[in-house]
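Q: My structure file start02.pdb, PDB, N, CA and C atoms and all ligand atoms, is below:
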```
ATOM      1  N   MET A  95       2.702  -5.572  -6.790
ATOM      2  CA  MET A  95       2.457  -6.807  -6.073
ATOM      3  C   MET A  95       1.068  -7.362  -6.400
ATOM      4  N   LEU A  96       0.059  -6.471  -6.447
ATOM      5  CA  LEU A  96      -1.299  -6.924  -6.770
ATOM      6  C   LEU A  96      -1.357  -7.501  -8.183
ATOM      7  N   HIS A  97      -0.591  -6.927  -9.103
ATOM      8  CA  HIS A  97      -0.530  -7.471 -10.464
ATOM      9  C   HIS A  97       0.044  -8.884 -10.425
ATOM     10  N   ALA A  98       1.076  -9.087  -9.611
ATOM     11  CA  ALA A  98       1.707 -10.415  -9.527
ATOM     12  C   ALA A  98       0.719 -11.421  -8.942
ATOM     13  N   VAL A  99       0.009 -11.026  -7.866
ATOM     14  CA  VAL A  99      -0.969 -11.922  -7.241
ATOM     15  C   VAL A  99      -2.094 -12.253  -8.228
ATOM     16  N   ALA A 100      -2.509 -11.231  -9.005
ATOM     17  CA  ALA A 100      -3.590 -11.441  -9.979
ATOM     18  C   ALA A 100      -3.077 -12.116 -11.260
ATOM     19  N   ASP A 101      -1.766 -12.328 -11.312
ATOM     20  CA  ASP A 101      -1.137 -12.942 -12.484
ATOM     21  C   ASP A 101      -1.411 -12.133 -13.757
ATOM     22  N   LYS A 102      -1.304 -10.806 -13.625
ATOM     23  CA  LYS A 102      -1.493  -9.903 -14.770
ATOM     24  C   LYS A 102      -0.170  -9.207 -15.036
ATOM     25  N   PRO A 103       0.236  -9.107 -16.295
ATOM     26  CA  PRO A 103       1.507  -8.450 -16.597
ATOM     27  C   PRO A 103       1.458  -6.960 -16.272
ATOM     28  N   LEU A 104       2.579  -6.414 -15.847
ATOM     29  CA  LEU A 104       2.670  -4.978 -15.535
ATOM     30  C   LEU A 104       3.963  -4.435 -16.122
ATOM     31  N   ASN A 105       3.849  -3.347 -16.854
ATOM     32  CA  ASN A 105       5.039  -2.678 -17.360
ATOM     33  C   ASN A 105       5.488  -1.672 -16.303
ATOM     34  N   ASP A 106       6.375  -2.115 -15.421
ATOM     35  CA  ASP A 106       6.810  -1.305 -14.282
ATOM     36  C   ASP A 106       7.999  -0.450 -14.693
ATOM     37  N   GLU A 107       7.736   0.842 -14.939
ATOM     38  CA  GLU A 107       8.819   1.725 -15.368
ATOM     39  C   GLU A 107       9.489   2.338 -14.149
ATOM     40  N   ILE A 108      10.738   1.980 -13.937
ATOM     41  CA  ILE A 108      11.503   2.515 -12.807
ATOM     42  C   ILE A 108      12.171   3.819 -13.239
ATOM     43  N   VAL A 109      12.041   4.865 -12.416
ATOM     44  CA  VAL A 109      12.666   6.157 -12.718
ATOM     45  C   VAL A 109      13.817   6.371 -11.737
ATOM     46  N   THR A 110      15.005   6.577 -12.265
ATOM     47  CA  THR A 110      16.150   6.844 -11.387
ATOM     48  C   THR A 110      16.131   8.317 -10.967
ATOM     49  N   VAL A 111      16.852   8.625  -9.908
ATOM     50  CA  VAL A 111      16.933  10.018  -9.441
ATOM     51  C   VAL A 111      17.510  10.894 -10.552
ATOM     52  N   GLU A 112      18.490  10.362 -11.272
ATOM     53  CA  GLU A 112      19.121  11.121 -12.355
ATOM     54  C   GLU A 112      18.110  11.442 -13.456
ATOM     55  N   GLN A 113      17.288  10.435 -13.821
ATOM     56  CA  GLN A 113      16.262  10.670 -14.850
ATOM     57  C   GLN A 113      15.232  11.680 -14.352
ATOM     58  N   TRP A 114      14.839  11.514 -13.081
ATOM     59  CA  TRP A 114      13.836  12.400 -12.478
ATOM     60  C   TRP A 114      14.302  13.851 -12.543
ATOM     61  N   GLN A 115      15.596  14.056 -12.248
ATOM     62  CA  GLN A 115      16.121  15.422 -12.213
ATOM     63  C   GLN A 115      16.391  15.974 -13.613
ATOM     64  N   ALA A 116      16.738  15.085 -14.566
ATOM     65  CA  ALA A 116      17.191  15.568 -15.872
ATOM     66  C   ALA A 116      16.093  15.606 -16.934
ATOM     67  N   ASP A 117      15.159  14.672 -16.877
ATOM     68  CA  ASP A 117      14.271  14.473 -18.029
ATOM     69  C   ASP A 117      12.934  15.217 -17.961
ATOM     70  N   GLY A 118      12.720  16.040 -16.952
ATOM     71  CA  GLY A 118      11.446  16.758 -16.857
ATOM     72  C   GLY A 118      10.261  15.834 -16.610
ATOM     73  N   ILE A 119      10.537  14.663 -16.004
ATOM     74  CA  ILE A 119       9.461  13.688 -15.758
ATOM     75  C   ILE A 119       8.458  14.257 -14.749
ATOM     76  N   LYS A 120       8.976  14.981 -13.754
ATOM     77  CA  LYS A 120       8.112  15.572 -12.713
ATOM     78  C   LYS A 120       6.989  16.415 -13.342
ATOM     79  N   GLN A 121       7.362  17.229 -14.317
ATOM     80  CA  GLN A 121       6.392  18.135 -14.949
ATOM     81  C   GLN A 121       5.304  17.351 -15.707
ATOM     82  N   LYS A 122       5.618  16.110 -16.075
ATOM     83  CA  LYS A 122       4.638  15.327 -16.845
ATOM     84  C   LYS A 122       3.654  14.579 -15.935
ATOM     85  N   GLN A 123       3.910  14.556 -14.612
ATOM     86  CA  GLN A 123       3.028  13.813 -13.692
ATOM     87  C   GLN A 123       1.868  14.706 -13.241
ATOM     88  N   PRO A 124       0.670  14.139 -13.109
ATOM     89  CA  PRO A 124      -0.502  14.948 -12.718
ATOM     90  C   PRO A 124      -0.277  15.724 -11.418
ATOM     91  N   LEU A 125       0.372  15.102 -10.416
ATOM     92  CA  LEU A 125       0.623  15.802  -9.143
ATOM     93  C   LEU A 125       2.106  16.116  -8.954
ATOM     94  N   GLY A 126       2.889  15.946 -10.015
ATOM     95  CA  GLY A 126       4.330  16.218  -9.919
ATOM     96  C   GLY A 126       5.069  15.178  -9.099
ATOM     97  N   GLN A 127       4.419  14.027  -8.863
ATOM     98  CA  GLN A 127       5.047  12.968  -8.064
ATOM     99  C   GLN A 127       4.787  11.604  -8.705
ATOM    100  N   ILE A 128       5.585  10.614  -8.300
ATOM    101  CA  ILE A 128       5.332   9.221  -8.659
ATOM    102  C   ILE A 128       5.082   8.462  -7.359
ATOM    103  N   PRO A 129       4.380   7.339  -7.339
ATOM    104  CA  PRO A 129       3.966   6.572  -8.505
ATOM    105  C   PRO A 129       2.704   7.099  -9.173
ATOM    106  N   THR A 130       2.597   6.806 -10.464
ATOM    107  CA  THR A 130       1.336   6.963 -11.184
ATOM    108  C   THR A 130       1.048   5.622 -11.847
ATOM    109  N   TYR A 131      -0.222   5.334 -12.002
ATOM    110  CA  TYR A 131      -0.641   4.062 -12.607
ATOM    111  C   TYR A 131      -1.437   4.387 -13.855
ATOM    112  N   THR A 132      -0.879   4.025 -15.009
ATOM    113  CA  THR A 132      -1.538   4.316 -16.278
ATOM    114  C   THR A 132      -2.145   3.035 -16.846
ATOM    115  N   CYS A 133      -3.433   3.109 -17.167
ATOM    116  CA  CYS A 133      -4.103   1.948 -17.759
ATOM    117  C   CYS A 133      -5.074   2.453 -18.822
ATOM    118  N   ASP A 134      -5.812   1.546 -19.440
ATOM    119  CA  ASP A 134      -6.721   1.931 -20.531
ATOM    120  C   ASP A 134      -7.746   2.972 -20.069
ATOM    121  N   GLU A 135      -8.130   2.908 -18.793
ATOM    122  CA  GLU A 135      -9.179   3.800 -18.279
ATOM    123  C   GLU A 135      -8.650   5.192 -17.948
ATOM    124  N   GLY A 136      -7.337   5.348 -17.779
ATOM    125  CA  GLY A 136      -6.773   6.657 -17.452
ATOM    126  C   GLY A 136      -5.560   6.531 -16.547
ATOM    127  N   VAL A 137      -5.322   7.599 -15.773
ATOM    128  CA  VAL A 137      -4.151   7.633 -14.893
ATOM    129  C   VAL A 137      -4.625   7.758 -13.448
ATOM    130  N   VAL A 138      -4.090   6.917 -12.551
ATOM    131  CA  VAL A 138      -4.429   6.979 -11.124
ATOM    132  C   VAL A 138      -3.174   7.418 -10.375
ATOM    133  N   VAL A 139      -3.344   8.324  -9.412
ATOM    134  CA  VAL A 139      -2.204   8.817  -8.638
ATOM    135  C   VAL A 139      -2.359   8.419  -7.166
ATOM    136  N   MET A 140      -1.292   8.524  -6.412
ATOM    137  CA  MET A 140      -1.232   8.228  -4.976
ATOM    138  C   MET A 140      -1.257   6.709  -4.739
ATOM    139  N   SER A 141      -0.222   6.226  -4.042
ATOM    140  CA  SER A 141      -0.027   4.778  -3.907
ATOM    141  C   SER A 141      -1.228   4.031  -3.320
ATOM    142  N   ASN A 142      -1.859   4.592  -2.266
ATOM    143  CA  ASN A 142      -3.007   3.890  -1.665
ATOM    144  C   ASN A 142      -4.186   3.828  -2.631
ATOM    145  N   SER A 143      -4.408   4.931  -3.357
ATOM    146  CA  SER A 143      -5.502   4.945  -4.339
ATOM    147  C   SER A 143      -5.213   3.939  -5.440
ATOM    148  N   ILE A 144      -3.954   3.865  -5.866
ATOM    149  CA  ILE A 144      -3.572   2.911  -6.909
ATOM    150  C   ILE A 144      -3.835   1.485  -6.412
ATOM    151  N   ALA A 145      -3.421   1.197  -5.179
ATOM    152  CA  ALA A 145      -3.609  -0.159  -4.625
ATOM    153  C   ALA A 145      -5.095  -0.512  -4.572
ATOM    154  N   ARG A 146      -5.934   0.425  -4.102
ATOM    155  CA  ARG A 146      -7.374   0.157  -4.023
ATOM    156  C   ARG A 146      -7.966  -0.033  -5.424
ATOM    157  N   TYR A 147      -7.525   0.841  -6.354
ATOM    158  CA  TYR A 147      -8.046   0.771  -7.719
ATOM    159  C   TYR A 147      -7.705  -0.579  -8.346
ATOM    160  N   VAL A 148      -6.441  -1.000  -8.224
ATOM    161  CA  VAL A 148      -6.006  -2.260  -8.848
ATOM    162  C   VAL A 148      -6.715  -3.451  -8.190
ATOM    163  N   ALA A 149      -6.855  -3.401  -6.852
ATOM    164  CA  ALA A 149      -7.552  -4.484  -6.148
ATOM    165  C   ALA A 149      -8.988  -4.615  -6.649
ATOM    166  N   LYS A 150      -9.665  -3.463  -6.840
ATOM    167  CA  LYS A 150     -11.049  -3.496  -7.352
ATOM    168  C   LYS A 150     -11.064  -3.987  -8.786
ATOM    169  N   LYS A 151     -10.144  -3.467  -9.595
ATOM    170  CA  LYS A 151     -10.071  -3.804 -11.018
ATOM    171  C   LYS A 151      -9.945  -5.316 -11.225
ATOM    172  N   PHE A 152      -9.164  -5.976 -10.365
ATOM    173  CA  PHE A 152      -8.937  -7.411 -10.515
ATOM    174  C   PHE A 152      -9.832  -8.245  -9.591
ATOM    175  N   GLY A 153     -10.863  -7.605  -9.001
ATOM    176  CA  GLY A 153     -11.816  -8.343  -8.170
ATOM    177  C   GLY A 153     -11.201  -8.899  -6.898
ATOM    178  N   MET A 154     -10.198  -8.179  -6.372
ATOM    179  CA  MET A 154      -9.498  -8.687  -5.186
ATOM    180  C   MET A 154      -9.873  -7.927  -3.924
ATOM    181  N   MET A 155     -10.849  -7.030  -4.007
ATOM    182  CA  MET A 155     -11.154  -6.182  -2.859
ATOM    183  C   MET A 155     -11.613  -7.017  -1.664
ATOM    184  N   VAL A 156     -12.392  -8.074  -1.924
ATOM    185  CA  VAL A 156     -12.894  -8.901  -0.820
ATOM    186  C   VAL A 156     -11.729  -9.520  -0.064
ATOM    187  N   SER A 157     -10.732 -10.057  -0.792
ATOM    188  CA  SER A 157      -9.623 -10.694  -0.086
ATOM    189  C   SER A 157      -8.787  -9.665   0.663
ATOM    190  N   VAL A 158      -8.678  -8.439   0.107
ATOM    191  CA  VAL A 158      -7.926  -7.389   0.816
ATOM    192  C   VAL A 158      -8.642  -7.062   2.126
ATOM    193  N   VAL A 159      -9.997  -6.929   2.064
ATOM    194  CA  VAL A 159     -10.778  -6.617   3.264
ATOM    195  C   VAL A 159     -10.668  -7.762   4.276
ATOM    196  N   LEU A 160     -10.739  -9.009   3.786
ATOM    197  CA  LEU A 160     -10.620 -10.160   4.696
ATOM    198  C   LEU A 160      -9.259 -10.183   5.374
ATOM    199  N   MET A 161      -8.194  -9.876   4.596
ATOM    200  CA  MET A 161      -6.847  -9.832   5.171
ATOM    201  C   MET A 161      -6.780  -8.785   6.276
ATOM    202  N   TYR A 162      -7.414  -7.631   6.014
ATOM    203  CA  TYR A 162      -7.426  -6.528   6.963
ATOM    204  C   TYR A 162      -8.131  -6.952   8.257
ATOM    205  N   HIS A 163      -9.309  -7.633   8.104
ATOM    206  CA  HIS A 163     -10.053  -8.072   9.279
ATOM    207  C   HIS A 163      -9.292  -9.151  10.050
ATOM    208  N   THR A 164      -8.632 -10.053   9.317
ATOM    209  CA  THR A 164      -7.843 -11.097   9.971
ATOM    210  C   THR A 164      -6.731 -10.448  10.788
ATOM    211  N   THR A 165      -6.074  -9.454  10.197
ATOM    212  CA  THR A 165      -4.990  -8.762  10.891
ATOM    213  C   THR A 165      -5.517  -8.085  12.153
ATOM    214  N   LEU A 166      -6.699  -7.441  12.035
ATOM    215  CA  LEU A 166      -7.288  -6.774  13.205
ATOM    216  C   LEU A 166      -7.605  -7.782  14.305
ATOM    217  N   LYS A 167      -8.131  -8.957  13.900
ATOM    218  CA  LYS A 167      -8.480  -9.999  14.871
ATOM    219  C   LYS A 167      -7.219 -10.483  15.591
ATOM    220  N   GLU A 168      -6.156 -10.736  14.804
ATOM    221  CA  GLU A 168      -4.899 -11.190  15.407
ATOM    222  C   GLU A 168      -4.342 -10.122  16.346
ATOM    223  N   LEU A 169      -4.459  -8.874  15.923
ATOM    224  CA  LEU A 169      -3.958  -7.767  16.732
ATOM    225  C   LEU A 169      -4.707  -7.699  18.061
ATOM    226  N   SER A 170      -6.030  -7.891  18.026
ATOM    227  CA  SER A 170      -6.805  -7.805  19.264
ATOM    228  C   SER A 170      -6.456  -8.960  20.198
ATOM    229  N   VAL A 171      -6.148 -10.163  19.636
ATOM    230  CA  VAL A 171      -5.726 -11.295  20.473
ATOM    231  C   VAL A 171      -4.387 -10.965  21.139
ATOM    232  N   ILE A 172      -3.458 -10.416  20.371
ATOM    233  CA  ILE A 172      -2.133 -10.065  20.910
ATOM    234  C   ILE A 172      -2.288  -9.015  22.021
ATOM    235  N   LEU A 173      -3.122  -7.994  21.763
ATOM    236  CA  LEU A 173      -3.323  -6.938  22.775
ATOM    237  C   LEU A 173      -3.937  -7.503  24.044
ATOM    238  N   SER A 174      -4.901  -8.435  23.879
ATOM    239  CA  SER A 174      -5.541  -9.022  25.051
ATOM    240  C   SER A 174      -4.539  -9.874  25.845
ATOM    241  N   LEU A 175      -3.669 -10.630  25.142
ATOM    242  CA  LEU A 175      -2.633 -11.418  25.832
ATOM    243  C   LEU A 175      -1.660 -10.510  26.569
ATOM    244  N   LEU A 176      -1.261  -9.416  25.897
ATOM    245  CA  LEU A 176      -0.345  -8.457  26.523
ATOM    246  C   LEU A 176      -0.962  -7.854  27.778
ATOM    247  N   SER A 177      -2.249  -7.501  27.673
ATOM    248  CA  SER A 177      -2.943  -6.893  28.799
ATOM    249  C   SER A 177      -2.996  -7.866  29.981
ATOM    250  N   ARG A 178      -3.253  -9.162  29.700
ATOM    251  CA  ARG A 178      -3.270 -10.171  30.778
ATOM    252  C   ARG A 178      -1.882 -10.325  31.378
ATOM    253  N   TRP A 179      -0.847 -10.314  30.520
ATOM    254  CA  TRP A 179       0.532 -10.453  30.993
ATOM    255  C   TRP A 179       0.877  -9.300  31.933
ATOM    256  N   PHE A 180       0.470  -8.068  31.545
ATOM    257  CA  PHE A 180       0.742  -6.914  32.400
ATOM    258  C   PHE A 180      -0.004  -7.030  33.733
ATOM    259  N   SER A 181      -1.231  -7.553  33.697
ATOM    260  CA  SER A 181      -2.001  -7.725  34.935
ATOM    261  C   SER A 181      -1.284  -8.686  35.873
ATOM    262  N   VAL A 182      -0.825  -9.826  35.326
ATOM    263  CA  VAL A 182      -0.124 -10.818  36.139
ATOM    264  C   VAL A 182       1.158 -10.211  36.694
ATOM    265  N   MET A 183       1.911  -9.511  35.838
ATOM    266  CA  MET A 183       3.182  -8.918  36.260
ATOM    267  C   MET A 183       2.959  -7.886  37.361
ATOM    268  N   SER A 184       1.891  -7.100  37.247
ATOM    269  CA  SER A 184       1.643  -6.074  38.262
ATOM    270  C   SER A 184       1.290  -6.723  39.605
ATOM    271  N   LEU A 185       0.640  -7.904  39.586
ATOM    272  CA  LEU A 185       0.345  -8.618  40.834
ATOM    273  C   LEU A 185       1.628  -9.146  41.462
ATOM    274  N   LEU A 186       2.556  -9.632  40.618
ATOM    275  CA  LEU A 186       3.817 -10.198  41.108
ATOM    276  C   LEU A 186       4.732  -9.131  41.685
ATOM    277  N   VAL A 187       4.690  -7.942  41.130
ATOM    278  CA  VAL A 187       5.601  -6.863  41.543
ATOM    279  C   VAL A 187       5.183  -6.295  42.900
ATOM    280  N   ARG A 188       3.910  -6.377  43.244
ATOM    281  CA  ARG A 188       3.415  -5.801  44.514
ATOM    282  C   ARG A 188       4.098  -6.385  45.739
TER     283      ARG A 188
HETATM  284  N1  LIG A 201       1.328  10.502  -1.152
HETATM  285  C1  LIG A 201       2.054  10.039  -2.331
HETATM  286  C2  LIG A 201       3.532  10.277  -2.091
HETATM  287  C3  LIG A 201       4.288  10.147  -3.374
HETATM  288  C4  LIG A 201       5.743  10.524  -3.193
HETATM  289  O1  LIG A 201       6.178  10.952  -2.109
HETATM  290  N2  LIG A 201       6.515  10.343  -4.256
HETATM  291  C5  LIG A 201       7.925  10.658  -4.219
HETATM  292  C6  LIG A 201       8.749   9.448  -4.611
HETATM  293  S1  LIG A 201       8.442   8.104  -3.541
HETATM  294  C7  LIG A 201       8.211  11.682  -5.285
HETATM  295  O2  LIG A 201       7.601  11.689  -6.332
HETATM  296  N3  LIG A 201       9.182  12.548  -4.993
HETATM  297  C8  LIG A 201       9.706  13.477  -5.941
HETATM  298  C9  LIG A 201       9.102  14.850  -5.847
HETATM  299  O3  LIG A 201       8.144  15.054  -5.078
HETATM  300  O4  LIG A 201       9.623  15.716  -6.547
HETATM  301  C10 LIG A 201       1.751   8.571  -2.581
HETATM  302  O5  LIG A 201       1.268   7.909  -1.639
HETATM  303  O6  LIG A 201       1.953   8.076  -3.680
END
```
So, in terms of structure tokens, how does the structure I just supplied come out?
A:
Amino acid sequence: MLHAVADKPLNDEIVTVEQWQADGIKQKQPLGQIPTYTCDEGVVVMSNSIARYVAKKFGMMVSVVLMYHTTLKELSVILSLLSRWFSVMSLLVR
């Protein structure tokens, strides 16, 4: 997804369960698991690490952090509204 947002081509190799079981692909992975991200600089493992690495690589870390903060802000507004709603409801139920 980050490649698409950055408008950079990605050779996304999909591995089927049959290939995984038959072709010894597991043994070729650094941690015996996928996803792995291979680029000129080397191989990155673990999905969150890959996402952070790609975001940094394409200079998108600031927007990822801003999105995270925006989400937190929206979440705190929702929680505060919910808390007020519960307060009103508890007064009505008495
Ligand atoms: N913590 C890893 C989990 C990776 C993972 O669970 N990969 C699964 C596929 S989604 C896998 O490789 N399973 C096959 C196996 O472990 O043999 C990540 O975030 O990338």
Q: When the cut-off is 7 Å and you count only N, CA and C atoms and all ligand atoms, which residues lie near ligand LIG 201 (chain A), shown as a VMD selection string?
A: chain A and resid 120 126 to 130 139 to 143
Q: Quick one: pick out all alpha helix (DSSP H) residues within chain A from a backbone DSSP run and write them as a short mmCIF file (atom, residue, chain, number, x, y, z; two decimals) with N, CA and C atoms, in the frame of the given file.
A:
```cif
data_model
loop_
_atom_site.label_atom_id
_atom_site.label_comp_id
_atom_site.auth_asym_id
_atom_site.auth_seq_id
_atom_site.Cartn_x
_atom_site.Cartn_y
_atom_site.Cartn_z
N LEU A 96 0.06 -6.47 -6.45
CA LEU A 96 -1.30 -6.92 -6.77
C LEU A 96 -1.36 -7.50 -8.18
N HIS A 97 -0.59 -6.93 -9.10
CA HIS A 97 -0.53 -7.47 -10.46
C HIS A 97 0.04 -8.88 -10.42
N ALA A 98 1.08 -9.09 -9.61
CA ALA A 98 1.71 -10.42 -9.53
C ALA A 98 0.72 -11.42 -8.94
N VAL A 99 0.01 -11.03 -7.87
CA VAL A 99 -0.97 -11.92 -7.24
C VAL A 99 -2.09 -12.25 -8.23
N VAL A 111 16.85 8.62 -9.91
CA VAL A 111 16.93 10.02 -9.44
C VAL A 111 17.51 10.89 -10.55
N GLU A 112 18.49 10.36 -11.27
CA GLU A 112 19.12 11.12 -12.36
C GLU A 112 18.11 11.44 -13.46
N GLN A 113 17.29 10.44 -13.82
CA GLN A 113 16.26 10.67 -14.85
C GLN A 113 15.23 11.68 -14.35
N TRP A 114 14.84 11.51 -13.08
CA TRP A 114 13.84 12.40 -12.48
C TRP A 114 14.30 13.85 -12.54
N GLN A 115 15.60 14.06 -12.25
CA GLN A 115 16.12 15.42 -12.21
C GLN A 115 16.39 15.97 -13.61
N ALA A 116 16.74 15.08 -14.57
CA ALA A 116 17.19 15.57 -15.87
C ALA A 116 16.09 15.61 -16.93
N ILE A 119 10.54 14.66 -16.00
CA ILE A 119 9.46 13.69 -15.76
C ILE A 119 8.46 14.26 -14.75
N LYS A 120 8.98 14.98 -13.75
CA LYS A 120 8.11 15.57 -12.71
C LYS A 120 6.99 16.42 -13.34
N GLN A 121 7.36 17.23 -14.32
CA GLN A 121 6.39 18.14 -14.95
C GLN A 121 5.30 17.35 -15.71
N LYS A 122 5.62 16.11 -16.08
CA LYS A 122 4.64 15.33 -16.84
C LYS A 122 3.65 14.58 -15.94
N SER A 141 -0.22 6.23 -4.04
CA SER A 141 -0.03 4.78 -3.91
C SER A 141 -1.23 4.03 -3.32
N ASN A 142 -1.86 4.59 -2.27
CA ASN A 142 -3.01 3.89 -1.66
C ASN A 142 -4.19 3.83 -2.63
N SER A 143 -4.41 4.93 -3.36
CA SER A 143 -5.50 4.94 -4.34
C SER A 143 -5.21 3.94 -5.44
N ILE A 144 -3.95 3.86 -5.87
CA ILE A 144 -3.57 2.91 -6.91
C ILE A 144 -3.84 1.48 -6.41
N ALA A 145 -3.42 1.20 -5.18
CA ALA A 145 -3.61 -0.16 -4.62
C ALA A 145 -5.10 -0.51 -4.57
N ARG A 146 -5.93 0.42 -4.10
CA ARG A 146 -7.37 0.16 -4.02
C ARG A 146 -7.97 -0.03 -5.42
N TYR A 147 -7.52 0.84 -6.35
CA TYR A 147 -8.05 0.77 -7.72
C TYR A 147 -7.70 -0.58 -8.35
N VAL A 148 -6.44 -1.00 -8.22
CA VAL A 148 -6.01 -2.26 -8.85
C VAL A 148 -6.72 -3.45 -8.19
N ALA A 149 -6.86 -3.40 -6.85
CA ALA A 149 -7.55 -4.48 -6.15
C ALA A 149 -8.99 -4.62 -6.65
N LYS A 150 -9.66 -3.46 -6.84
CA LYS A 150 -11.05 -3.50 -7.35
C LYS A 150 -11.06 -3.99 -8.79
N LYS A 151 -10.14 -3.47 -9.60
CA LYS A 151 -10.07 -3.80 -11.02
C LYS A 151 -9.94 -5.32 -11.22
N MET A 155 -10.85 -7.03 -4.01
CA MET A 155 -11.15 -6.18 -2.86
C MET A 155 -11.61 -7.02 -1.66
N VAL A 156 -12.39 -8.07 -1.92
CA VAL A 156 -12.89 -8.90 -0.82
C VAL A 156 -11.73 -9.52 -0.06
N SER A 157 -10.73 -10.06 -0.79
CA SER A 157 -9.62 -10.69 -0.09
C SER A 157 -8.79 -9.66 0.66
N VAL A 158 -8.68 -8.44 0.11
CA VAL A 158 -7.93 -7.39 0.82
C VAL A 158 -8.64 -7.06 2.13
N VAL A 159 -10.00 -6.93 2.06
CA VAL A 159 -10.78 -6.62 3.26
C VAL A 159 -10.67 -7.76 4.28
N LEU A 160 -10.74 -9.01 3.79
CA LEU A 160 -10.62 -10.16 4.70
C LEU A 160 -9.26 -10.18 5.37
N MET A 161 -8.19 -9.88 4.60
CA MET A 161 -6.85 -9.83 5.17
C MET A 161 -6.78 -8.78 6.28
N TYR A 162 -7.41 -7.63 6.01
CA TYR A 162 -7.43 -6.53 6.96
C TYR A 162 -8.13 -6.95 8.26
N HIS A 163 -9.31 -7.63 8.10
CA HIS A 163 -10.05 -8.07 9.28
C HIS A 163 -9.29 -9.15 10.05
N THR A 164 -8.63 -10.05 9.32
CA THR A 164 -7.84 -11.10 9.97
C THR A 164 -6.73 -10.45 10.79
N THR A 165 -6.07 -9.45 10.20
CA THR A 165 -4.99 -8.76 10.89
C THR A 165 -5.52 -8.09 12.15
N LEU A 166 -6.70 -7.44 12.04
CA LEU A 166 -7.29 -6.77 13.20
C LEU A 166 -7.60 -7.78 14.30
N LYS A 167 -8.13 -8.96 13.90
CA LYS A 167 -8.48 -10.00 14.87
C LYS A 167 -7.22 -10.48 15.59
N GLU A 168 -6.16 -10.74 14.80
CA GLU A 168 -4.90 -11.19 15.41
C GLU A 168 -4.34 -10.12 16.35
N LEU A 169 -4.46 -8.87 15.92
CA LEU A 169 -3.96 -7.77 16.73
C LEU A 169 -4.71 -7.70 18.06
N SER A 170 -6.03 -7.89 18.03
CA SER A 170 -6.80 -7.80 19.26
C SER A 170 -6.46 -8.96 20.20
N VAL A 171 -6.15 -10.16 19.64
CA VAL A 171 -5.73 -11.30 20.47
C VAL A 171 -4.39 -10.96 21.14
N ILE A 172 -3.46 -10.42 20.37
CA ILE A 172 -2.13 -10.06 20.91
C ILE A 172 -2.29 -9.02 22.02
N LEU A 173 -3.12 -7.99 21.76
CA LEU A 173 -3.32 -6.94 22.78
C LEU A 173 -3.94 -7.50 24.04
N SER A 174 -4.90 -8.44 23.88
CA SER A 174 -5.54 -9.02 25.05
C SER A 174 -4.54 -9.87 25.84
N LEU A 175 -3.67 -10.63 25.14
CA LEU A 175 -2.63 -11.42 25.83
C LEU A 175 -1.66 -10.51 26.57
N LEU A 176 -1.26 -9.42 25.90
CA LEU A 176 -0.34 -8.46 26.52
C LEU A 176 -0.96 -7.85 27.78
N SER A 177 -2.25 -7.50 27.67
CA SER A 177 -2.94 -6.89 28.80
C SER A 177 -3.00 -7.87 29.98
N ARG A 178 -3.25 -9.16 29.70
CA ARG A 178 -3.27 -10.17 30.78
C ARG A 178 -1.88 -10.32 31.38
N TRP A 179 -0.85 -10.31 30.52
CA TRP A 179 0.53 -10.45 30.99
C TRP A 179 0.88 -9.30 31.93
N PHE A 180 0.47 -8.07 31.54
CA PHE A 180 0.74 -6.91 32.40
C PHE A 180 0.00 -7.03 33.73
N SER A 181 -1.23 -7.55 33.70
CA SER A 181 -2.00 -7.72 34.94
C SER A 181 -1.28 -8.69 35.87
N VAL A 182 -0.82 -9.83 35.33
CA VAL A 182 -0.12 -10.82 36.14
C VAL A 182 1.16 -10.21 36.69
N MET A 183 1.91 -9.51 35.84
CA MET A 183 3.18 -8.92 36.26
C MET A 183 2.96 -7.89 37.36
N SER A 184 1.89 -7.10 37.25
CA SER A 184 1.64 -6.07 38.26
C SER A 184 1.29 -6.72 39.60
N LEU A 185 0.64 -7.90 39.59
CA LEU A 185 0.34 -8.62 40.83
C LEU A 185 1.63 -9.15 41.46
N LEU A 186 2.56 -9.63 40.62
CA LEU A 186 3.82 -10.20 41.11
C LEU A 186 4.73 -9.13 41.68
N VAL A 187 4.69 -7.94 41.13
CA VAL A 187 5.60 -6.86 41.54
C VAL A 187 5.18 -6.30 42.90
#
```
Q: As an exercise, work out the distance from atom CA of Tyr131 of chain A to atom CA of Ile144 of chain A in Å and give it to one decimal place.
A: 6.5 Å
Q: For the atom pair atom CA of Tyr147 of chain A and atom N of Thr164 of chain A, what is the interatomic distance in Å to one decimal place?
A: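 The value is 20.2 Å.
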Q: Which of chain A end up as strand (DSSP E) when DSSP is run on this backbone - answer as an MDAnalysis selection string?
A: chainID A and resid 130:133 136:139
Q: I'd like the residues picked by the PyMOL selection byres (((chain A and resi 99 and name CA) around 12) and not hetatm and name CA) written out as a list in words, using the chain letters and numbers from the file.
A: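 Here the PyMOL selection byres (((chain A and resi 99 and name CA) around 12) and not hetatm and name CA) matches Met95, Leu96, His97, Ala98, Ala100, Asp101, Lys102, Pro103, Leu104, Val148, Ala149, Phe152, Gly153, Met154, Ser157 and Val158 of chain A.
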Q: Please compute the atom CA of Ile108 of chain A-atom C of Cys133 of chain A distance, one decimal, in Å.
A: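 According to the coordinates, atom CA of Ile108 of chain A and atom C of Cys133 of chain A are separated by 17.6 Å.
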